[in-house]
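What follows is run21.cif (mmCIF, C-alpha atoms).
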data_upload
#
loop_
_atom_site.label_atom_id
_atom_site.label_comp_id
_atom_site.auth_asym_id
_atom_site.auth_seq_id
_atom_site.Cartn_x
_atom_site.Cartn_y
_atom_site.Cartn_z
CA MET B 1 0.00 0.00 0.00
CA VAL B 2 2.82 2.39 0.89
CA ARG B 3 4.48 1.72 -2.45
CA LEU B 4 1.35 2.66 -4.39
CA GLU B 5 0.82 5.77 -2.27
CA LEU B 6 4.41 6.76 -3.06
CA VAL B 7 3.83 7.09 -6.78
CA LEU B 8 0.87 9.35 -6.12
CA MET B 9 3.19 11.70 -4.29
CA ARG B 10 5.43 12.21 -7.32
CA ALA B 11 3.54 15.20 -8.61
CA LEU B 12 3.44 16.66 -5.08
CA CYS B 13 -0.12 17.70 -5.60
CA PHE B 14 -2.73 15.37 -4.28
CA VAL B 15 -6.43 15.02 -3.64
CA ALA B 16 -8.53 12.35 -1.96
CA SER B 17 -12.12 11.61 -1.04
CA VAL B 18 -14.95 14.09 -1.44
CA LEU B 19 -14.21 17.42 -3.09
CA PRO B 20 -16.37 20.42 -2.24
CA VAL B 21 -17.07 23.51 -4.33
CA ALA B 22 -20.16 22.52 -6.29
CA SER B 23 -23.10 24.82 -6.49
CA CYS B 24 -25.00 23.81 -9.61
CA LEU B 25 -25.14 20.86 -11.91
CA GLU B 26 -26.58 22.24 -15.10
CA GLY B 27 -24.43 23.02 -18.13
CA PRO B 28 -24.27 26.17 -20.26
CA SER B 29 -27.74 25.65 -21.74
CA THR B 30 -29.39 26.50 -18.41
CA ALA B 31 -26.75 28.70 -16.80
CA SER B 32 -28.59 31.93 -17.59
CA ARG B 33 -31.63 30.67 -15.70
CA LEU B 34 -29.86 29.72 -12.49
CA PRO B 35 -29.94 31.75 -9.26
CA LYS B 36 -27.13 34.25 -8.71
CA ALA B 37 -25.71 32.08 -5.95
CA GLN B 38 -24.60 29.64 -8.64
CA GLU B 39 -23.22 32.03 -11.23
CA GLY B 40 -19.48 31.87 -11.79
CA ARG B 41 -18.93 28.99 -9.39
CA GLY B 42 -16.74 26.04 -10.34
CA THR B 43 -18.44 22.67 -10.15
CA MET B 44 -16.40 19.85 -8.71
CA ILE B 45 -17.93 17.20 -6.47
CA LEU B 46 -21.43 18.22 -5.44
CA THR B 47 -21.76 19.16 -1.77
CA LYS B 48 -23.90 22.30 -1.99
CA CYS B 49 -27.55 23.05 -2.59
CA ALA B 50 -28.08 23.29 -6.35
CA ALA B 51 -30.43 26.24 -5.91
CA CYS B 52 -28.90 28.50 -3.24
CA ALA B 53 -25.35 27.10 -2.83
CA THR B 54 -25.75 26.44 0.90
CA GLU B 55 -23.04 24.03 2.07
CA LEU B 56 -24.54 20.61 2.79
CA GLY B 57 -21.42 18.62 3.49
CA LEU B 58 -21.58 14.95 2.58
CA THR B 59 -24.91 13.85 4.05
CA LEU B 60 -27.25 16.77 4.76
CA GLY B 61 -30.06 18.07 2.60
CA LYS B 62 -32.81 16.69 0.40
CA LYS B 63 -32.17 14.78 -2.85
CA CYS B 64 -34.14 14.75 -6.05
CA GLY B 65 -35.87 11.37 -6.08
CA ARG B 66 -34.91 10.75 -9.68
CA CYS B 67 -31.35 12.03 -10.17
CA SER B 68 -30.05 12.64 -6.61
CA THR B 69 -29.30 16.35 -7.12
CA ARG B 70 -29.10 17.81 -3.62
CA TYR B 71 -30.95 20.74 -2.03
CA CYS B 72 -31.12 22.28 1.41
CA GLY B 73 -34.89 21.75 1.52
CA PRO B 74 -38.16 21.36 -0.41
CA GLU B 75 -38.41 25.07 -1.23
CA CYS B 76 -35.07 25.16 -3.02
CA GLN B 77 -35.92 21.95 -4.85
CA LYS B 78 -39.22 23.42 -6.05
CA THR B 79 -37.55 26.69 -7.10
CA HIS B 80 -34.83 24.87 -9.00
CA TRP B 81 -37.41 22.75 -10.84
CA GLU B 82 -39.59 25.67 -11.81
CA GLU B 83 -37.04 28.47 -12.34
CA GLY B 84 -33.59 26.91 -12.45
CA GLY B 85 -34.05 24.58 -15.40
CA HIS B 86 -33.86 21.31 -13.48
CA ASP B 87 -37.06 20.08 -15.14
CA GLN B 88 -35.15 19.95 -18.44
CA ILE B 89 -31.99 18.28 -17.19
CA CYS B 90 -33.28 15.85 -14.55
CA LYS B 91 -33.83 12.89 -16.90
CA PRO B 92 -30.44 13.20 -18.65
CA ILE B 93 -28.77 13.29 -15.24
CA LYS B 94 -30.63 10.13 -14.24
CA ARG B 95 -29.65 8.37 -17.48
CA ALA B 96 -26.00 9.27 -16.91
CA GLY B 97 -25.98 7.53 -13.54
CA GLY B 98 -26.92 10.29 -11.12
CA ALA B 99 -25.78 13.78 -10.25
CA GLU B 100 -22.17 12.98 -9.43
CA GLN B 101 -21.61 10.87 -12.53
CA TYR B 102 -23.32 13.36 -14.82
CA ASN B 103 -21.19 16.20 -13.48
CA ALA B 104 -17.96 14.21 -13.88
CA ASN B 105 -18.89 13.19 -17.42
CA GLN B 106 -19.55 16.82 -18.38
CA LYS B 107 -16.30 18.06 -16.88
CA TYR B 108 -14.36 15.24 -18.52
CA ALA B 109 -15.70 16.11 -21.96
CA GLU B 110 -14.80 19.77 -21.45
CA ALA B 111 -11.29 18.90 -20.27
CA VAL B 112 -10.66 16.59 -23.23
CA ALA B 113 -11.71 19.30 -25.67
CA VAL B 114 -9.38 21.81 -24.01
CA ALA B 115 -6.47 19.34 -24.04
CA ALA B 116 -6.95 18.39 -27.68
CA GLU B 117 -7.11 22.04 -28.71
CA LYS B 118 -3.99 22.87 -26.72
CA CYS B 119 -2.09 20.02 -28.41
CA ALA B 120 -3.51 20.56 -31.91
CA GLU B 121 -0.41 22.12 -33.42
CA ASP B 122 1.93 19.49 -31.99
CA THR B 123 -0.28 16.56 -33.02
CA GLN B 124 -1.11 17.64 -36.56
CA GLY B 125 -0.76 14.77 -39.03
CA GLN B 126 -0.13 12.14 -36.32
CA THR B 127 -2.05 9.06 -35.16
CA CYS B 128 -2.79 7.49 -31.78
CA TYR B 129 -0.23 4.85 -30.80
CA ILE B 130 -3.02 2.84 -29.13
CA CYS B 131 -5.85 2.83 -31.70
CA THR B 132 -3.74 4.01 -34.71
CA GLN B 133 -6.38 6.60 -35.72
CA ALA B 134 -6.10 10.37 -35.99
CA LEU B 135 -9.62 10.99 -34.64
CA HIS B 136 -11.07 8.76 -31.96
CA TRP B 137 -13.54 6.36 -33.60
CA LYS B 138 -16.30 7.07 -31.06
CA THR B 139 -15.74 10.50 -29.50
CA LYS B 140 -14.05 12.13 -32.53
CA GLU B 141 -11.62 13.79 -30.14
CA GLY B 142 -8.21 14.94 -31.28
CA LEU B 143 -4.79 13.77 -30.12
CA VAL B 144 -2.73 14.89 -27.13
CA ARG B 145 0.82 14.36 -25.90
CA MET B 146 2.40 16.57 -23.16
CA CYS B 147 4.92 14.02 -21.89
CA ALA B 148 8.64 13.60 -22.68
CA CYS B 149 8.19 11.69 -25.97
CA ARG B 150 9.94 13.13 -29.02
CA GLY B 151 9.42 12.98 -32.77
CA THR B 152 6.41 10.90 -33.81
CA ALA B 153 6.15 8.98 -30.51
CA GLY B 154 3.62 9.36 -27.71
CA PHE B 155 0.56 10.75 -29.49
CA ALA B 156 -2.73 9.39 -28.13
CA HIS B 157 -6.36 10.13 -27.39
CA VAL B 158 -7.25 10.80 -23.77
CA SER B 159 -10.05 8.22 -24.14
CA CYS B 160 -7.56 5.60 -25.31
CA LEU B 161 -5.17 6.36 -22.45
CA ALA B 162 -8.03 6.15 -19.97
CA GLU B 163 -9.34 2.86 -21.35
CA GLN B 164 -5.85 1.37 -21.26
CA ALA B 165 -5.39 2.40 -17.62
CA LYS B 166 -8.83 1.13 -16.64
CA ILE B 167 -8.24 -2.31 -18.17
CA LEU B 168 -4.83 -2.68 -16.56
CA TRP B 169 -6.11 -1.73 -13.11
CA GLU B 170 -9.17 -3.99 -13.35
CA GLU B 171 -6.93 -6.90 -14.20
CA ALA B 172 -4.67 -6.11 -11.24
CA GLU B 173 -7.70 -6.11 -8.93
CA GLU B 174 -9.27 -9.26 -10.36
CA ARG B 175 -6.03 -11.24 -10.19
CA ASN B 176 -5.01 -9.72 -6.84
CA LEU B 177 -1.58 -8.83 -8.18
CA ASP B 178 1.16 -7.71 -5.81
CA GLU B 179 1.75 -4.08 -4.89
CA LYS B 180 4.68 -3.57 -7.23
CA VAL B 181 2.59 -4.60 -10.23
CA ARG B 182 -0.35 -2.50 -9.04
CA HIS B 183 1.98 0.45 -8.75
CA GLU B 184 3.00 0.08 -12.37
CA ARG B 185 -0.58 -0.42 -13.51
CA TRP B 186 -1.85 2.67 -11.70
CA ARG B 187 0.91 4.79 -13.27
CA ARG B 188 -0.92 4.54 -16.56
CA TRP B 189 -3.48 7.00 -15.19
CA TYR B 190 -0.89 9.76 -15.08
CA ALA B 191 2.33 8.68 -16.84
CA CYS B 192 3.16 7.81 -20.45
CA SER B 193 3.78 4.10 -21.03
CA LEU B 194 6.45 4.92 -23.64
CA CYS B 195 8.70 7.56 -22.01
CA GLU B 196 7.50 6.87 -18.42
CA GLN B 197 7.29 10.61 -17.68
CA SER B 198 4.18 12.10 -16.08
CA TYR B 199 1.76 14.01 -18.26
CA HIS B 200 1.38 17.68 -17.40
CA GLY B 201 -0.85 20.68 -17.96
CA VAL B 202 -4.32 20.28 -19.43
CA VAL B 203 -3.63 16.68 -20.48
CA ARG B 204 -3.04 15.74 -16.85
CA CYS B 205 -6.28 17.52 -15.97
CA ALA B 206 -8.25 15.59 -18.61
CA LEU B 207 -6.82 12.29 -17.37
CA GLY B 208 -7.70 13.30 -13.82
CA TRP B 209 -11.33 13.75 -14.80
CA ALA B 210 -11.23 10.46 -16.73
CA CYS B 211 -9.94 8.65 -13.66
CA TRP B 212 -12.45 10.26 -11.31
CA LYS B 213 -15.47 9.53 -13.51
CA THR B 214 -14.34 5.90 -13.72
CA TYR B 215 -14.20 5.23 -9.97
CA LEU B 216 -16.48 7.79 -8.32
CA GLY B 217 -19.23 5.20 -7.77
CA ARG B 218 -17.11 3.20 -5.36
CA SER B 219 -17.20 3.55 -1.58
CA GLU B 220 -15.17 6.18 0.25
CA THR B 221 -12.84 3.54 1.65
CA ASP B 222 -12.05 2.04 -1.75
CA ARG B 223 -8.50 2.99 -2.66
CA ALA B 224 -9.14 3.25 -6.39
CA ARG B 225 -11.75 5.93 -5.66
CA ARG B 226 -9.36 7.71 -3.30
CA PHE B 227 -6.50 7.51 -5.77
CA ALA B 228 -8.83 8.75 -8.53
CA MET B 229 -9.49 11.86 -6.52
CA THR B 230 -5.76 12.21 -6.11
CA GLU B 231 -5.38 12.23 -9.87
CA LEU B 232 -8.19 14.74 -10.28
CA GLY B 233 -6.58 17.07 -7.76
CA THR B 234 -3.23 16.81 -9.47
CA GLY B 235 -4.84 17.57 -12.79
CA LEU B 236 -6.63 20.62 -11.42
CA HIS B 237 -3.34 21.92 -10.10
CA ASP B 238 -1.60 21.31 -13.42
CA ALA B 239 -4.35 23.20 -15.22
CA ALA B 240 -3.89 26.13 -12.80
CA ARG B 241 -7.28 25.57 -11.11
CA PHE B 242 -5.72 26.51 -7.78
CA GLU B 243 -8.82 27.53 -5.84
CA ASP B 244 -10.54 24.28 -6.81
CA ALA B 245 -7.49 22.33 -5.73
CA LEU B 246 -7.42 24.12 -2.37
CA SER B 247 -11.02 23.19 -1.61
CA ALA B 248 -10.27 19.62 -2.66
CA ARG B 249 -7.29 19.25 -0.40
CA GLU B 250 -9.05 20.71 2.61
CA ALA B 251 -11.67 17.99 2.14
CA VAL B 252 -8.94 15.38 1.75
CA LEU B 253 -7.35 16.13 5.10
CA SER B 254 -10.75 16.16 6.79
CA MET B 255 -11.61 12.78 5.26
CA GLU B 256 -8.30 11.18 6.21
CA ARG B 257 -8.68 12.27 9.83
CA ARG B 258 -12.30 11.14 9.92
CA CYS B 259 -11.37 7.71 8.60
CA GLY B 260 -8.49 7.28 11.03
CA ALA B 261 -5.84 7.26 8.31
CA SER B 262 -2.22 6.38 8.99
CA GLN B 263 0.37 9.04 9.73
CA HIS B 264 1.75 8.40 6.26
CA ASN B 265 -1.55 9.35 4.61
CA ILE B 266 -2.11 12.30 6.93
CA LEU B 267 1.29 13.70 5.91
CA ILE B 268 0.38 13.29 2.24
CA ALA B 269 -2.85 15.23 2.75
CA GLN B 270 -1.06 17.96 4.72
CA ASN B 271 1.62 18.25 2.06
CA ASN B 272 -0.93 18.71 -0.68
CA LEU B 273 -2.87 21.25 1.31
CA ALA B 274 0.36 23.18 1.84
CA CYS B 275 0.95 23.15 -1.94
CA SER B 276 -2.47 24.70 -2.45
CA TYR B 277 -1.82 27.34 0.21
CA GLN B 278 1.33 28.24 -1.69
CA ASP B 279 -0.55 28.41 -4.99
CA VAL B 280 -3.19 30.84 -3.71
CA GLY B 281 -0.72 33.11 -1.91
CA ARG B 282 -1.21 31.93 1.68
CA HIS B 283 2.53 31.60 2.06
CA GLU B 284 2.90 31.66 5.83
CA GLU B 285 0.38 28.86 6.25
CA ALA B 286 2.16 26.89 3.53
CA LEU B 287 5.52 27.35 5.24
CA CYS B 288 4.29 26.21 8.65
CA LEU B 289 2.56 23.15 7.24
CA ARG B 290 5.51 22.18 5.04
CA ARG B 291 7.88 22.45 7.98
CA ASP B 292 5.63 20.09 9.95
CA VAL B 293 5.43 17.66 7.04
CA TYR B 294 9.21 17.62 6.58
CA SER B 295 9.74 16.96 10.29
CA GLY B 296 7.11 14.23 10.21
CA ARG B 297 8.74 12.55 7.21
CA LEU B 298 12.15 12.56 8.86
CA ARG B 299 10.69 10.80 11.89
CA LEU B 300 8.58 8.36 9.90
CA ASP B 301 10.81 7.51 6.93
CA GLY B 302 14.30 8.88 7.54
CA GLU B 303 16.39 10.95 5.14
CA GLU B 304 16.83 8.43 2.34
CA HIS B 305 13.22 8.21 1.29
CA GLU B 306 11.43 9.74 -1.67
CA MET B 307 8.66 11.14 0.51
CA THR B 308 11.18 12.87 2.77
CA LEU B 309 13.01 14.36 -0.20
CA ALA B 310 9.72 15.58 -1.67
CA ALA B 311 8.84 17.21 1.64
CA ALA B 312 12.29 18.83 1.78
CA SER B 313 11.82 20.17 -1.74
CA ASN B 314 8.48 21.73 -0.84
CA TYR B 315 9.84 23.17 2.40
CA ALA B 316 12.76 24.75 0.51
CA SER B 317 10.31 26.28 -1.97
CA SER B 318 8.33 27.94 0.83
CA LEU B 319 11.49 29.23 2.48
CA ILE B 320 12.54 30.86 -0.79
CA THR B 321 9.10 32.41 -1.25
CA GLN B 322 9.44 33.95 2.22
CA GLU B 323 13.00 35.09 1.33
CA ARG B 324 14.53 33.03 4.11
CA PHE B 325 17.46 32.23 1.88
CA GLU B 326 19.98 31.05 4.47
CA GLU B 327 17.57 28.44 5.80
CA ALA B 328 16.69 27.32 2.28
CA LYS B 329 20.37 27.16 1.33
CA SER B 330 21.21 25.07 4.38
CA LEU B 331 18.34 22.64 3.73
CA SER B 332 19.25 22.26 0.04
CA ARG B 333 22.92 21.62 0.79
CA LYS B 334 21.89 18.94 3.26
CA MET B 335 19.40 17.12 1.01
CA ILE B 336 20.99 17.39 -2.47
CA PRO B 337 23.67 14.75 -1.72
CA VAL B 338 20.97 12.48 -0.30
CA ALA B 339 18.83 12.87 -3.42
CA ARG B 340 21.79 12.22 -5.73
CA ARG B 341 22.76 9.11 -3.83
CA PHE B 342 19.27 7.70 -3.33
CA LEU B 343 17.40 8.83 -6.47
CA GLY B 344 20.11 9.70 -8.99
CA GLU B 345 21.04 12.84 -10.91
CA SER B 346 18.08 12.68 -13.31
CA HIS B 347 15.25 12.33 -10.82
CA ASP B 348 12.83 15.24 -10.73
CA LEU B 349 13.34 15.76 -6.99
CA THR B 350 17.12 15.96 -7.42
CA LEU B 351 16.59 18.51 -10.18
CA LYS B 352 14.20 20.54 -8.03
CA LEU B 353 16.52 20.63 -5.04
CA ARG B 354 19.42 21.78 -7.21
CA TRP B 355 17.18 24.37 -8.86
CA PHE B 356 16.06 25.70 -5.49
CA TYR B 357 19.66 25.86 -4.29
CA ALA B 358 20.64 27.99 -7.30
CA ARG B 359 17.76 30.33 -6.56
CA THR B 360 18.88 30.82 -2.97
CA LEU B 361 22.32 31.81 -4.25
CA TYR B 362 21.45 34.44 -6.83
CA ARG B 363 18.37 35.92 -5.15
CA ASP B 364 20.04 36.62 -1.82
CA ALA B 365 20.84 40.32 -1.50
CA GLY B 366 24.07 39.39 0.23
CA ALA B 367 25.24 37.00 -2.53
CA THR B 368 28.93 37.20 -3.37
CA LEU B 369 30.37 37.02 -6.88
CA GLY B 370 31.31 33.42 -6.11
CA ASP B 371 27.71 32.67 -5.10
CA LEU B 372 26.42 34.04 -8.39
CA ARG B 373 28.92 32.03 -10.41
CA GLU B 374 27.99 28.88 -8.48
CA ALA B 375 24.30 29.60 -9.12
CA VAL B 376 24.86 29.87 -12.88
CA THR B 377 26.98 26.71 -13.00
CA THR B 378 24.45 24.75 -10.93
CA VAL B 379 21.42 25.77 -12.93
CA GLU B 380 23.21 25.24 -16.27
CA GLU B 381 23.88 21.62 -15.33
CA THR B 382 20.34 21.20 -14.00
CA ALA B 383 18.78 22.70 -17.14
CA ARG B 384 20.71 20.33 -19.42
CA THR B 385 19.55 17.32 -17.44
CA ALA B 386 15.95 18.53 -17.32
CA ARG B 387 15.83 19.07 -21.08
CA ARG B 388 17.29 15.63 -21.73
CA VAL B 389 15.01 13.78 -19.31
CA MET B 390 11.74 15.73 -19.55
CA GLY B 391 11.93 17.64 -22.81
CA GLY B 392 12.01 21.37 -23.22
CA ALA B 393 8.22 21.76 -23.02
CA HIS B 394 7.91 20.31 -19.51
CA PRO B 395 6.91 22.96 -16.92
CA LEU B 396 9.85 22.14 -14.64
CA ALA B 397 12.30 22.38 -17.52
CA ARG B 398 10.86 25.74 -18.51
CA ASP B 399 11.05 27.03 -14.93
CA ILE B 400 14.68 26.00 -14.68
CA GLU B 401 15.45 27.74 -17.98
CA ARG B 402 13.92 30.96 -16.65
CA THR B 403 16.03 30.69 -13.52
CA LEU B 404 19.12 30.21 -15.68
CA GLN B 405 18.37 33.42 -17.56
CA ASN B 406 17.80 35.32 -14.30
CA ALA B 407 20.99 33.98 -12.72
CA ARG B 408 23.04 34.93 -15.78
CA GLU B 409 21.59 38.44 -15.70
CA ALA B 410 22.42 38.77 -12.02
CA LEU B 411 25.99 37.60 -12.65
CA ALA B 412 26.42 39.99 -15.61
CA ALA B 413 25.17 42.90 -13.52
CA ARG B 414 27.63 42.09 -10.74
CA ASP B 415 30.50 41.73 -13.22
CA GLU B 416 29.71 45.17 -14.64
CA ALA B 417 29.58 46.65 -11.16
#

Encoded form using structure tokens:
Amino acid sequence: MVRLELVLMRALCFVASVLPVASCLEGPSTASRLPKAQEGRGTMILTKCAACATELGLTLGKKCGRCSTRYCGPECQKTHWEEGGHDQICKPIKRAGGAEQYNANQKYAEAVAVAAEKCAEDTQGQTCYICTQALHWKTKEGLVRMCACRGTAGFAHVSCLAEQAKILWEEAEERNLDEKVRHERWRRWYACSLCEQSYHGVVRCALGWACWKTYLGRSETDRARRFAMTELGTGLHDAARFEDALSAREAVLSMERRCGASQHNILIAQNNLACSYQDVGRHEEALCLRRDVYSGRLRLDGEEHEMTLAAASNYASSLITQERFEEAKSLSRKMIPVARRFLGESHDLTLKLRWFYARTLYRDAGATLGDLREAVTTVEETARTARRVMGGAHPLARDIERTLQNAREALAARDEA
């Protein structure tokens, strides 16, 4: 179990269990007829009254007898039927499998369209390596890539990737395969089977919705459902849906505590919540939580563990954001040798720790000329490795390239002075 949880930590952005934020279920065709409480709200997992957006949590409220859309009471249900357009959408929701499933299906379709459009230029003239077609035979969706594949490799439809992952995981469950095999099977929900690198951006978001809509009908304690929410949360983060991800991760931590989760899982939920705090600008909260997670990982797993190194990387990031450069520098110097020894030079966590170290050197107001030169040398080496391993389009590779440019500018300015 720990091994499978470990792979879900790789993106450092997680989600589990029930995600709040929903206010309405209807799509664009009825949006203009919905109450103002619903306008402009993102729709994730449905925990609010569809008419007035009152928070219902997981169990409160009244459900539509046909489609299970939730309301705070009979009055809101009546208003939504008569004025909110629910009379037109109730049967389609029922046919789709209920409110949650209908919502997930809608969001998945939207995410796939966005991903295919984003990848259209890169995928022009190519075919899916799974079904060998340019357009998906059923959905007519276009191709995506957004991994580390080069040339003509790695093009696929999100639907084909999702079906492949679903089949592999079902087989692992049916045959009760060991954890190592399950780990590899689950990776297909977020990593390319050809280059083995994680998908990113809007493709990761589309796969997150695909995963969630596949397993949302299972019980809260089912790990495939929990992992599916993890993938959805990661995808939301990758698509820059930071407020949605924050709400998701707050629900994750609450769920883990309610279910009596292990310290390992609690630390995962805390780490992801800290990432969301960082994303939305709540930097002090992120720093405090990341410090606690790093300390917890040291006690639970020791230094030479991927989870500990991930926690160290996140903690260093928060220290830099708060301009506590000496602390960040000390932490990076301590953990970089551990990452090189335990994970290797090409691992994304090794690259991140080296990247963070270079940033502490050139951004510090008290940096010496030697510090600036070391920053440039460090980030040049890191950028070369990132381009080779991840490809130049990967977000981490691009971030490192920007740091390289900034470090060179800082060094040039000091040389002139």

Give me the result of the PyMOL selection byres ((chain B and resi 214) around 12) on this file, residue by residue, as a JSON list (two decimals) with C-alpha atoms, in the frame of the given file.
[["chain", "number", "residue", "atom", "x", "y", "z"],
["B", 97, "GLY", "CA", -25.98, 7.53, -13.54],
["B", 100, "GLU", "CA", -22.17, 12.98, -9.43],
["B", 101, "GLN", "CA", -21.61, 10.87, -12.53],
["B", 102, "TYR", "CA", -23.32, 13.36, -14.82],
["B", 104, "ALA", "CA", -17.96, 14.21, -13.88],
["B", 105, "ASN", "CA", -18.89, 13.19, -17.42],
["B", 108, "TYR", "CA", -14.36, 15.24, -18.52],
["B", 159, "SER", "CA", -10.05, 8.22, -24.14],
["B", 162, "ALA", "CA", -8.03, 6.15, -19.97],
["B", 163, "GLU", "CA", -9.34, 2.86, -21.35],
["B", 165, "ALA", "CA", -5.39, 2.40, -17.62],
["B", 166, "LYS", "CA", -8.83, 1.13, -16.64],
["B", 167, "ILE", "CA", -8.24, -2.31, -18.17],
["B", 169, "TRP", "CA", -6.11, -1.73, -13.11],
["B", 170, "GLU", "CA", -9.17, -3.99, -13.35],
["B", 189, "TRP", "CA", -3.48, 7.00, -15.19],
["B", 207, "LEU", "CA", -6.82, 12.29, -17.37],
["B", 208, "GLY", "CA", -7.70, 13.30, -13.82],
["B", 209, "TRP", "CA", -11.33, 13.75, -14.80],
["B", 210, "ALA", "CA", -11.23, 10.46, -16.73],
["B", 211, "CYS", "CA", -9.94, 8.65, -13.66],
["B", 212, "TRP", "CA", -12.45, 10.26, -11.31],
["B", 213, "LYS", "CA", -15.47, 9.53, -13.51],
["B", 215, "TYR", "CA", -14.20, 5.23, -9.97],
["B", 216, "LEU", "CA", -16.48, 7.79, -8.32],
["B", 217, "GLY", "CA", -19.23, 5.20, -7.77],
["B", 218, "ARG", "CA", -17.11, 3.20, -5.36],
["B", 224, "ALA", "CA", -9.14, 3.25, -6.39],
["B", 225, "ARG", "CA", -11.75, 5.93, -5.66],
["B", 226, "ARG", "CA", -9.36, 7.71, -3.30],
["B", 227, "PHE", "CA", -6.50, 7.51, -5.77],
["B", 228, "ALA", "CA", -8.83, 8.75, -8.53],
["B", 229, "MET", "CA", -9.49, 11.86, -6.52],
["B", 231, "GLU", "CA", -5.38, 12.23, -9.87],
["B", 232, "LEU", "CA", -8.19, 14.74, -10.28]]

Problem - Explicit residue set for the PyMOL selection byres ((chain B and resi 373-378) around 12), as a VMD selection string - result: chain B and resid 329 336 350 to 364 367 to 372 379 to 385 400 to 415

Exercise for the section: Enter the distance from atom CA of Arg188 of chain B to atom CA of Thr132 of chain B, in Å, rounded to one decimal. Expected result: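 It comes out at 18.4 Å.
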
Handout entry: Reference answer for the PyMOL selection byres ((chain B and resi 394) around 10), as number ranges by chain
Key = B: 146-148, 197-201, 386-387, 389-393, 395-399

Taking all listed atoms of segment 208-223 of chain B, build the axis-aligned box, pad each of the six sides by 8 Å, then write its centre and edge lengths in Å to one decimal as AutoDock Vina command-line options.
--center_x -13.5 --center_y 7.9 --center_z -7.5 --size_x 27.5 --size_y 27.7 --size_z 34.4

Exercise for the section: Extract, using all atoms listed in the file, all DNA, RNA and protein residues at most 12 Å from Cys131 of chain B, discarding same-chain residues fewer than 2 positions from it, and format them as a list in words. Expected result: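 Once the adjacent positions are removed, what remains is Gln126, Thr127, Cys128, Tyr129, Gln133, Ala134, Leu135, His136, Trp137, Lys138, Leu143, Phe155, Ala156, His157, Val158, Ser159, Cys160, Leu161, Glu163 and Gln164 of chain B.
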
Just write the chosen residues, C-alpha atoms, as a PDB file, in the coordinates of the input.
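The resulting file, selection-v1.pdb, is shown below:
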ATOM      1  CA  GLN B 126      -0.130  12.140 -36.320  1.00  0.00           C
ATOM      2  CA  THR B 127      -2.050   9.060 -35.160  1.00  0.00           C
ATOM      3  CA  CYS B 128      -2.790   7.490 -31.780  1.00  0.00           C
ATOM      4  CA  TYR B 129      -0.230   4.850 -30.800  1.00  0.00           C
ATOM      5  CA  GLN B 133      -6.380   6.600 -35.720  1.00  0.00           C
ATOM      6  CA  ALA B 134      -6.100  10.370 -35.990  1.00  0.00           C
ATOM      7  CA  LEU B 135      -9.620  10.990 -34.640  1.00  0.00           C
ATOM      8  CA  HIS B 136     -11.070   8.760 -31.960  1.00  0.00           C
ATOM      9  CA  TRP B 137     -13.540   6.360 -33.600  1.00  0.00           C
ATOM     10  CA  LYS B 138     -16.300   7.070 -31.060  1.00  0.00           C
ATOM     11  CA  LEU B 143      -4.790  13.770 -30.120  1.00  0.00           C
ATOM     12  CA  PHE B 155       0.560  10.750 -29.490  1.00  0.00           C
ATOM     13  CA  ALA B 156      -2.730   9.390 -28.130  1.00  0.00           C
ATOM     14  CA  HIS B 157      -6.360  10.130 -27.390  1.00  0.00           C
ATOM     15  CA  VAL B 158      -7.250  10.800 -23.770  1.00  0.00           C
ATOM     16  CA  SER B 159     -10.050   8.220 -24.140  1.00  0.00           C
ATOM     17  CA  CYS B 160      -7.560   5.600 -25.310  1.00  0.00           C
ATOM     18  CA  LEU B 161      -5.170   6.360 -22.450  1.00  0.00           C
ATOM     19  CA  GLU B 163      -9.340   2.860 -21.350  1.00  0.00           C
ATOM     20  CA  GLN B 164      -5.850   1.370 -21.260  1.00  0.00           C
TER      21      GLN B 164
END

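The interatomic distance for the pair atom CA of Asn176 of chain B and atom CA of Cys195 of chain B works out to 26.8 Å.
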
Handout entry: Contact residues around segment 69-84 of chain B with only C-alpha atoms at 6 Å, ignoring same-chain residues under 4 positions, as a count of residues only
Key = 10

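Taking atom CA of Ala116 of chain B and atom CA of Arg182 of chain B as the two end points, the separation is 28.8 Å.
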